[in-house]
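Engineer: One structure, as structure tokens, below. Some questions next.
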Amino acid sequence: MGMQRDILKQYLRAGPSRRFDIAFFTNKLAKDSPPESYMFANAFLNGSILFKWVDLGQPHFGGSARLISTLIYLPYDPQRPGDGGESLIFTEESFLRLLEYKISAAERSSVLGHDLERLRVLDSLPTFSPFVVELAFQRAGIDIPEAYLQLTPEVREKLTAHLKGRLRPLIVAAYRRSAMNVEKAVEDLTAKLFCLRDIADVMPLIEALQLPPDIAEDVLNAWIGIAYFEYEYASLQPTLKHFAGWMMHHAQPEEPLTRQDRDYVASLSNSIRQKIRADWNEIVAISTRYRQGYDEMVFRGNLEPFVQFLQTAQSSYWRMGEVLGRLEQTVLAWKHFTRFFGDRRLPFSVLFEMLGVLRDVLLAADRPFEIGKPTSQRLKAMGEA
Amino acid sequence: MVDDRRKEHRHVVVGIDARLNDRPSAIVDISRSGVRLVRPADFVPAEFAVIDFSVNEPRRSKPRLVRVEAHLVRATAIDVSYAYAPPLRRWEAMLRAHDTFAQTALTKM
């Protein structure tokens, strides 16, 4: 499929939750690195950039909780990704067609499973936040090269401690109701739930939470993901509130405007502010429901609110991932446009461009990219929807 | 004290470790004057215990050590709860600073 250049530019400027720049990490490897140092077995994929892609025009997997697809972007010139490239939304079928197009049948069979399995894991997530990616690969039992995960040991340790600290009281609350003898196993079970590979390990918890076994693993992973997202949102909160204050007081140009332009800027700023407030407050509401359910279960022994929360955990998890990507991108765009101006008002041309970008990030349904290359050179021309 | 504990805010903390009679024991939750710990294997609870908290603080290279003498409130197969006199004037503030939910609280815009 093709890409619109302005949308591509925005995605290339997105933060880590929306953009996984495989090419960037690959370029940091020594030229003579052994094959296992690379993320993918196919060389062309190691020059790709992956995006979390919200296509509001498409039905979402039969009405399931997923709102986000994974888009594989292959720049024509890896040194200049903004100049255009090929892209496709990842599905098993589209990936097989990409391989048919890119490499010979003999090469294909040897590397197919390796890369498909990695892409499946990445596609199963609403975000490319390094911690979520690392955890997902751990759960899937797949070792990926550390060079592709920019996660310092300190950050990893801090996040792990936060999540395990939250899991422990829940395990205790759930197993209290269990007939199983788990007196020596709370820490072990906390670790198992954190890195869930086999639901049999935590079956009493699943029973206590009244989860249907066939979806229990996804629900528990979604819940841990929500706990992680709270951490991400809390980190974003001060900057986002600073941005909201800036929009309120400084989103007017330094030059005098015609009434028409002034009305247009005011209306657009207002829509952007309202959208941010609505998105943010929706996330706060998810977080509040999670905390109330948790408190009731852990401190008052009342399971019902937490069980109810878990019933919508998967859709909340994907929603949190989607909104995080959008808000993170908003803040990055704002920082980019105001980097030379501090808290001063912007020149009209800069403000106008910034509001346009924010409108596209926040208000417009994402559109397919359309890049300046003939249609015949796009993967869309291969029959991609 | 038990009744008071029920009224106190219970913190789920990160960065505070505990030793119960010198045996490592993870904190389930903790309040100003009470703590619930994961019951160590083969631990036989007595009426009184010594609990050593080791509090990691960002600007200190070594953790701060805080000892309390505690009396048993409840014991189950999984956890043990103790009550104690608050060891420091700033104890509650210290607990709040390590509360994972307080650290990641989101407020409406």
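Letters A, B, ... go to the chains of the structure tokens in the order shown; residues in each chain start at 1; ligands are counted from 1 in the same order.
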Need to verify the contact set: range 75-81 of chain A, 10 Å, only C-alpha atoms, exclusion of same-chain residues closer than 5 positions in sequence. Can you return it as a PyMOL selection string?
Structural biologist: chain A and resi 8-9+12+23-24+27+44+47-49+86-87
Engineer: Residues of chain A within 6 Å of chain B, counting only C-alpha atoms - could you list those as a count of residues only?
Structural biologist: 10
Engineer: Using only C-alpha atoms, which residues sit within 8 Å of range 44-61 of chain B once same-chain residues fewer than 6 positions away are excluded, as a PDB file with all heavy atoms, in the first residue's frame?
Structural biologist:
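The resulting out01.pdb:
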```pdb
ATOM      1  N   GLY B  15      10.246  -1.000  46.586  1.00  0.00           N
ATOM      2  CA  GLY B  15      11.497  -0.433  47.101  1.00  0.00           C
ATOM      3  C   GLY B  15      11.623  -0.530  48.603  1.00  0.00           C
ATOM      4  O   GLY B  15      12.504   0.096  49.197  1.00  0.00           O
ATOM      5  N   ILE B  16      10.735  -1.277  49.242  1.00  0.00           N
ATOM      6  CA  ILE B  16      10.892  -1.551  50.678  1.00  0.00           C
ATOM      7  C   ILE B  16      10.908  -3.071  50.842  1.00  0.00           C
ATOM      8  O   ILE B  16       9.987  -3.766  50.389  1.00  0.00           O
ATOM      9  CB  ILE B  16       9.748  -0.958  51.525  1.00  0.00           C
ATOM     10  CG1 ILE B  16       9.643   0.554  51.304  1.00  0.00           C
ATOM     11  CG2 ILE B  16       9.965  -1.264  53.006  1.00  0.00           C
ATOM     12  CD1 ILE B  16       8.543   1.234  52.123  1.00  0.00           C
ATOM     13  N   ASP B  17      11.981  -3.569  51.434  1.00  0.00           N
ATOM     14  CA  ASP B  17      12.072  -5.002  51.703  1.00  0.00           C
ATOM     15  C   ASP B  17      11.886  -5.233  53.198  1.00  0.00           C
ATOM     16  O   ASP B  17      12.128  -4.332  54.001  1.00  0.00           O
ATOM     17  CB  ASP B  17      13.438  -5.548  51.253  1.00  0.00           C
ATOM     18  CG  ASP B  17      13.643  -5.326  49.766  1.00  0.00           C
ATOM     19  OD1 ASP B  17      12.695  -5.570  49.008  1.00  0.00           O
ATOM     20  OD2 ASP B  17      14.737  -4.874  49.367  1.00  0.00           O
ATOM     21  N   ALA B  18      11.477  -6.444  53.536  1.00  0.00           N
ATOM     22  CA  ALA B  18      11.273  -6.738  54.960  1.00  0.00           C
ATOM     23  C   ALA B  18      11.933  -8.056  55.331  1.00  0.00           C
ATOM     24  O   ALA B  18      12.042  -8.973  54.502  1.00  0.00           O
ATOM     25  CB  ALA B  18       9.781  -6.788  55.269  1.00  0.00           C
ATOM     26  N   ARG B  19      12.393  -8.121  56.576  1.00  0.00           N
ATOM     27  CA  ARG B  19      12.867  -9.391  57.147  1.00  0.00           C
ATOM     28  C   ARG B  19      12.080  -9.620  58.427  1.00  0.00           C
ATOM     29  O   ARG B  19      12.001  -8.738  59.286  1.00  0.00           O
ATOM     30  CB  ARG B  19      14.367  -9.337  57.445  1.00  0.00           C
ATOM     31  CG  ARG B  19      15.221  -9.215  56.185  1.00  0.00           C
ATOM     32  CD  ARG B  19      16.703  -9.227  56.524  1.00  0.00           C
ATOM     33  NE  ARG B  19      17.190 -10.577  56.827  1.00  0.00           N
ATOM     34  CZ  ARG B  19      17.582 -11.435  55.896  1.00  0.00           C
ATOM     35  NH1 ARG B  19      17.553 -11.101  54.626  1.00  0.00           N
ATOM     36  NH2 ARG B  19      18.008 -12.634  56.233  1.00  0.00           N
ATOM     37  N   LEU B  20      11.507 -10.790  58.517  1.00  0.00           N
ATOM     38  CA  LEU B  20      10.683 -11.142  59.667  1.00  0.00           C
ATOM     39  C   LEU B  20      11.505 -12.100  60.532  1.00  0.00           C
ATOM     40  O   LEU B  20      11.841 -13.199  60.079  1.00  0.00           O
ATOM     41  CB  LEU B  20       9.401 -11.816  59.165  1.00  0.00           C
ATOM     42  CG  LEU B  20       8.434 -12.419  60.175  1.00  0.00           C
ATOM     43  CD1 LEU B  20       7.918 -11.365  61.147  1.00  0.00           C
ATOM     44  CD2 LEU B  20       7.269 -13.085  59.448  1.00  0.00           C
ATOM     45  N   ASN B  21      11.866 -11.650  61.719  1.00  0.00           N
ATOM     46  CA  ASN B  21      12.787 -12.430  62.570  1.00  0.00           C
ATOM     47  C   ASN B  21      13.992 -12.908  61.748  1.00  0.00           C
ATOM     48  O   ASN B  21      14.379 -14.061  61.776  1.00  0.00           O
ATOM     49  CB  ASN B  21      12.082 -13.634  63.197  1.00  0.00           C
ATOM     50  CG  ASN B  21      11.110 -13.213  64.285  1.00  0.00           C
ATOM     51  OD1 ASN B  21      11.151 -12.068  64.750  1.00  0.00           O
ATOM     52  ND2 ASN B  21      10.223 -14.106  64.679  1.00  0.00           N
ATOM     53  N   ASP B  22      14.498 -11.954  60.956  1.00  0.00           N
ATOM     54  CA  ASP B  22      15.695 -12.168  60.142  1.00  0.00           C
ATOM     55  C   ASP B  22      15.493 -13.108  58.951  1.00  0.00           C
ATOM     56  O   ASP B  22      16.459 -13.594  58.380  1.00  0.00           O
ATOM     57  CB  ASP B  22      16.865 -12.658  61.010  1.00  0.00           C
ATOM     58  CG  ASP B  22      18.182 -12.158  60.436  1.00  0.00           C
ATOM     59  OD1 ASP B  22      18.173 -11.107  59.764  1.00  0.00           O
ATOM     60  OD2 ASP B  22      19.211 -12.831  60.643  1.00  0.00           O
ATOM     61  N   ARG B  67      13.865  -0.689  62.139  1.00  0.00           N
ATOM     62  CA  ARG B  67      13.450  -1.902  62.873  1.00  0.00           C
ATOM     63  C   ARG B  67      12.200  -1.609  63.700  1.00  0.00           C
ATOM     64  O   ARG B  67      12.109  -0.540  64.326  1.00  0.00           O
ATOM     65  CB  ARG B  67      14.582  -2.368  63.777  1.00  0.00           C
ATOM     66  CG  ARG B  67      14.182  -3.467  64.730  1.00  0.00           C
ATOM     67  CD  ARG B  67      15.370  -4.061  65.439  1.00  0.00           C
ATOM     68  NE  ARG B  67      16.108  -4.946  64.537  1.00  0.00           N
ATOM     69  CZ  ARG B  67      17.048  -5.798  64.936  1.00  0.00           C
ATOM     70  NH1 ARG B  67      17.384  -5.886  66.207  1.00  0.00           N
ATOM     71  NH2 ARG B  67      17.672  -6.579  64.073  1.00  0.00           N
ATOM     72  N   VAL B  68      11.266  -2.542  63.723  1.00  0.00           N
ATOM     73  CA  VAL B  68      10.092  -2.404  64.598  1.00  0.00           C
ATOM     74  C   VAL B  68       9.891  -3.710  65.378  1.00  0.00           C
ATOM     75  O   VAL B  68      10.255  -4.790  64.899  1.00  0.00           O
ATOM     76  CB  VAL B  68       8.789  -2.091  63.813  1.00  0.00           C
ATOM     77  CG1 VAL B  68       8.858  -0.752  63.128  1.00  0.00           C
ATOM     78  CG2 VAL B  68       8.443  -3.186  62.818  1.00  0.00           C
ATOM     79  N   GLU B  69       9.348  -3.528  66.572  1.00  0.00           N
ATOM     80  CA  GLU B  69       8.916  -4.704  67.325  1.00  0.00           C
ATOM     81  C   GLU B  69       7.409  -4.801  67.136  1.00  0.00           C
ATOM     82  O   GLU B  69       6.697  -3.816  67.356  1.00  0.00           O
ATOM     83  CB  GLU B  69       9.294  -4.560  68.789  1.00  0.00           C
ATOM     84  CG  GLU B  69      10.796  -4.721  68.966  1.00  0.00           C
ATOM     85  CD  GLU B  69      11.272  -4.492  70.385  1.00  0.00           C
ATOM     86  OE1 GLU B  69      10.404  -4.357  71.273  1.00  0.00           O
ATOM     87  OE2 GLU B  69      12.490  -4.445  70.587  1.00  0.00           O
ATOM     88  N   ALA B  70       6.973  -5.955  66.715  1.00  0.00           N
ATOM     89  CA  ALA B  70       5.573  -6.051  66.279  1.00  0.00           C
ATOM     90  C   ALA B  70       4.869  -7.199  66.990  1.00  0.00           C
ATOM     91  O   ALA B  70       5.508  -8.158  67.425  1.00  0.00           O
ATOM     92  CB  ALA B  70       5.537  -6.293  64.770  1.00  0.00           C
ATOM     93  N   HIS B  71       3.555  -7.055  67.111  1.00  0.00           N
ATOM     94  CA  HIS B  71       2.826  -8.200  67.661  1.00  0.00           C
ATOM     95  C   HIS B  71       1.858  -8.758  66.618  1.00  0.00           C
ATOM     96  O   HIS B  71       1.310  -8.029  65.782  1.00  0.00           O
ATOM     97  CB  HIS B  71       2.141  -7.868  68.989  1.00  0.00           C
ATOM     98  CG  HIS B  71       0.954  -6.982  68.868  1.00  0.00           C
ATOM     99  ND1 HIS B  71       1.005  -5.636  69.070  1.00  0.00           N
ATOM    100  CD2 HIS B  71      -0.330  -7.280  68.548  1.00  0.00           C
ATOM    101  CE1 HIS B  71      -0.194  -5.125  68.896  1.00  0.00           C
ATOM    102  NE2 HIS B  71      -1.022  -6.088  68.569  1.00  0.00           N
ATOM    103  N   LEU B  72       1.684 -10.055  66.700  1.00  0.00           N
ATOM    104  CA  LEU B  72       0.902 -10.776  65.697  1.00  0.00           C
ATOM    105  C   LEU B  72      -0.580 -10.393  65.773  1.00  0.00           C
ATOM    106  O   LEU B  72      -1.160 -10.356  66.858  1.00  0.00           O
ATOM    107  CB  LEU B  72       1.063 -12.282  65.931  1.00  0.00           C
ATOM    108  CG  LEU B  72       0.415 -13.202  64.898  1.00  0.00           C
ATOM    109  CD1 LEU B  72       1.127 -13.102  63.566  1.00  0.00           C
ATOM    110  CD2 LEU B  72       0.449 -14.648  65.408  1.00  0.00           C
ATOM    111  N   ALA B  75      -2.643 -14.806  61.355  1.00  0.00           N
ATOM    112  CA  ALA B  75      -1.769 -15.646  60.525  1.00  0.00           C
ATOM    113  C   ALA B  75      -2.642 -16.607  59.733  1.00  0.00           C
ATOM    114  O   ALA B  75      -3.577 -17.203  60.266  1.00  0.00           O
ATOM    115  CB  ALA B  75      -0.788 -16.424  61.400  1.00  0.00           C
ATOM    116  N   VAL B  80       0.991 -13.338  57.024  1.00  0.00           N
ATOM    117  CA  VAL B  80       0.950 -13.021  58.456  1.00  0.00           C
ATOM    118  C   VAL B  80       0.837 -11.503  58.595  1.00  0.00           C
ATOM    119  O   VAL B  80       1.488 -10.759  57.854  1.00  0.00           O
ATOM    120  CB  VAL B  80       2.220 -13.514  59.199  1.00  0.00           C
ATOM    121  CG1 VAL B  80       2.149 -14.992  59.485  1.00  0.00           C
ATOM    122  CG2 VAL B  80       3.483 -13.189  58.436  1.00  0.00           C
TER     123      VAL B  80
END
```
Engineer: Using DSSP on the backbone coordinates, identify the residues of range 25-234 of chain A assigned to strand (DSSP E); present them as an NGL selection string.
Structural biologist: :A and (49-53 or 69-75 or 85-89)
Engineer: Take the residues from that selection and write them out as a compact mmCIF listing (two decimals), in the first residue's frame, keeping all heavy atoms.
Structural biologist:
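So result_4.txt came out as:
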```txt
# COMPACT_ATOMS: atom_id res chain seq x y z
N ILE A 49 10.85 -0.36 9.32
CA ILE A 49 10.35 0.36 10.50
C ILE A 49 8.92 -0.13 10.70
O ILE A 49 8.14 -0.17 9.75
CB ILE A 49 10.36 1.89 10.27
CG1 ILE A 49 11.78 2.35 9.91
CG2 ILE A 49 9.88 2.63 11.52
CD1 ILE A 49 11.86 3.81 9.51
N LEU A 50 8.62 -0.53 11.93
CA LEU A 50 7.27 -1.03 12.21
C LEU A 50 6.47 0.07 12.91
O LEU A 50 7.00 0.78 13.78
CB LEU A 50 7.33 -2.26 13.11
CG LEU A 50 8.24 -3.41 12.63
CD1 LEU A 50 8.21 -4.57 13.63
CD2 LEU A 50 7.81 -3.90 11.25
N PHE A 51 5.24 0.20 12.52
CA PHE A 51 4.36 1.20 13.15
C PHE A 51 3.12 0.52 13.72
O PHE A 51 2.63 -0.46 13.14
CB PHE A 51 3.87 2.23 12.13
CG PHE A 51 4.96 3.07 11.52
CD1 PHE A 51 5.18 3.04 10.15
CD2 PHE A 51 5.76 3.89 12.30
CE1 PHE A 51 6.17 3.82 9.57
CE2 PHE A 51 6.75 4.66 11.73
CZ PHE A 51 6.96 4.64 10.36
N LYS A 52 2.62 1.05 14.82
CA LYS A 52 1.29 0.66 15.29
C LYS A 52 0.31 1.57 14.58
O LYS A 52 0.40 2.80 14.69
CB LYS A 52 1.18 0.78 16.82
CG LYS A 52 1.82 -0.38 17.55
CD LYS A 52 1.12 -1.68 17.24
CE LYS A 52 1.89 -2.89 17.73
NZ LYS A 52 1.32 -4.14 17.25
N TRP A 53 -0.58 0.99 13.87
CA TRP A 53 -1.39 1.69 12.87
C TRP A 53 -2.86 1.60 13.23
O TRP A 53 -3.39 0.50 13.39
CB TRP A 53 -1.12 1.02 11.52
CG TRP A 53 -1.91 1.54 10.37
CD1 TRP A 53 -3.03 0.99 9.83
CD2 TRP A 53 -1.64 2.71 9.62
NE1 TRP A 53 -3.46 1.74 8.78
CE2 TRP A 53 -2.63 2.81 8.62
CE3 TRP A 53 -0.65 3.70 9.68
CZ2 TRP A 53 -2.66 3.85 7.70
CZ3 TRP A 53 -0.68 4.72 8.76
CH2 TRP A 53 -1.67 4.79 7.79
N SER A 69 -3.40 -2.16 14.14
CA SER A 69 -2.67 -3.14 13.34
C SER A 69 -1.18 -2.81 13.38
O SER A 69 -0.78 -1.75 13.85
CB SER A 69 -3.13 -3.06 11.88
OG SER A 69 -4.52 -3.16 11.80
N THR A 70 -0.40 -3.74 12.83
CA THR A 70 1.04 -3.50 12.71
C THR A 70 1.34 -3.24 11.25
O THR A 70 0.98 -4.04 10.38
CB THR A 70 1.82 -4.72 13.20
OG1 THR A 70 1.46 -4.95 14.57
CG2 THR A 70 3.32 -4.49 13.11
N LEU A 71 1.97 -2.12 10.99
CA LEU A 71 2.30 -1.77 9.62
C LEU A 71 3.81 -1.93 9.42
O LEU A 71 4.60 -1.40 10.22
CB LEU A 71 1.87 -0.33 9.34
CG LEU A 71 2.00 0.12 7.89
CD1 LEU A 71 0.79 0.93 7.48
CD2 LEU A 71 3.25 0.95 7.67
N ILE A 72 4.18 -2.70 8.41
CA ILE A 72 5.61 -2.87 8.10
C ILE A 72 5.96 -1.86 7.00
O ILE A 72 5.36 -1.88 5.93
CB ILE A 72 5.90 -4.30 7.58
CG1 ILE A 72 5.44 -5.34 8.61
CG2 ILE A 72 7.39 -4.47 7.26
CD1 ILE A 72 5.51 -6.78 8.09
N TYR A 73 6.90 -0.99 7.31
CA TYR A 73 7.31 0.02 6.34
C TYR A 73 8.74 -0.28 5.89
O TYR A 73 9.64 -0.42 6.72
CB TYR A 73 7.21 1.41 7.00
CG TYR A 73 7.76 2.52 6.15
CD1 TYR A 73 7.22 2.81 4.89
CD2 TYR A 73 8.82 3.31 6.60
CE1 TYR A 73 7.73 3.82 4.11
CE2 TYR A 73 9.32 4.34 5.83
CZ TYR A 73 8.78 4.59 4.58
OH TYR A 73 9.29 5.60 3.80
N LEU A 74 8.93 -0.38 4.59
CA LEU A 74 10.25 -0.69 4.03
C LEU A 74 10.71 0.51 3.21
O LEU A 74 10.27 0.69 2.06
CB LEU A 74 10.16 -1.93 3.14
CG LEU A 74 9.61 -3.19 3.83
CD1 LEU A 74 9.17 -4.23 2.80
CD2 LEU A 74 10.65 -3.77 4.77
N PRO A 75 11.56 1.37 3.77
CA PRO A 75 11.97 2.57 3.03
C PRO A 75 12.75 2.18 1.77
O PRO A 75 13.51 1.21 1.78
CB PRO A 75 12.90 3.28 4.02
CG PRO A 75 12.72 2.62 5.33
CD PRO A 75 12.21 1.26 5.08
N GLY A 85 8.59 4.67 0.63
CA GLY A 85 8.89 3.25 0.64
C GLY A 85 7.64 2.42 0.46
O GLY A 85 6.57 2.95 0.15
N GLU A 86 7.80 1.13 0.65
CA GLU A 86 6.66 0.22 0.54
C GLU A 86 6.13 -0.06 1.94
O GLU A 86 6.89 -0.03 2.92
CB GLU A 86 7.12 -1.10 -0.08
CG GLU A 86 7.71 -0.94 -1.46
CD GLU A 86 8.48 -2.18 -1.89
OE1 GLU A 86 9.18 -2.77 -1.06
OE2 GLU A 86 8.37 -2.55 -3.06
N SER A 87 4.86 -0.39 1.99
CA SER A 87 4.33 -0.71 3.31
C SER A 87 3.18 -1.70 3.19
O SER A 87 2.53 -1.77 2.14
CB SER A 87 3.84 0.56 4.02
OG SER A 87 2.76 1.11 3.32
N LEU A 88 2.97 -2.43 4.24
CA LEU A 88 1.81 -3.31 4.27
C LEU A 88 1.38 -3.53 5.71
O LEU A 88 2.20 -3.48 6.63
CB LEU A 88 2.07 -4.66 3.60
CG LEU A 88 2.78 -5.74 4.39
CD1 LEU A 88 2.53 -7.08 3.74
CD2 LEU A 88 4.26 -5.46 4.45
N ILE A 89 0.09 -3.72 5.87
CA ILE A 89 -0.44 -4.09 7.19
C ILE A 89 -0.14 -5.57 7.37
O ILE A 89 -0.45 -6.39 6.50
CB ILE A 89 -1.97 -3.89 7.23
CG1 ILE A 89 -2.35 -2.42 6.98
CG2 ILE A 89 -2.56 -4.40 8.55
CD1 ILE A 89 -2.19 -1.49 8.13
```
Engineer: Using only C-alpha atoms for the distances, tell me which of B:Arg23, B:His11, B:Lys62, B:Arg32 is nearest to Tyr84 in chain B.
Structural biologist: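 Under the stated criterion, the closest residue is B:Arg32.
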Engineer: Using only C-alpha atoms, which of the listed residues (B:Ile30, B:Pro24, B:Lys7, B:Arg64) sits closest to Tyr82 in chain B?
Structural biologist: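 Result for the nearest residue to Tyr82 in chain B: B:Ile30.
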Engineer: Work out how far CA of Val54 in chain A is from CA of Thr91 in chain A, in Å to one decimal.
Structural biologist: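 A separation of 14.6 Å between them.
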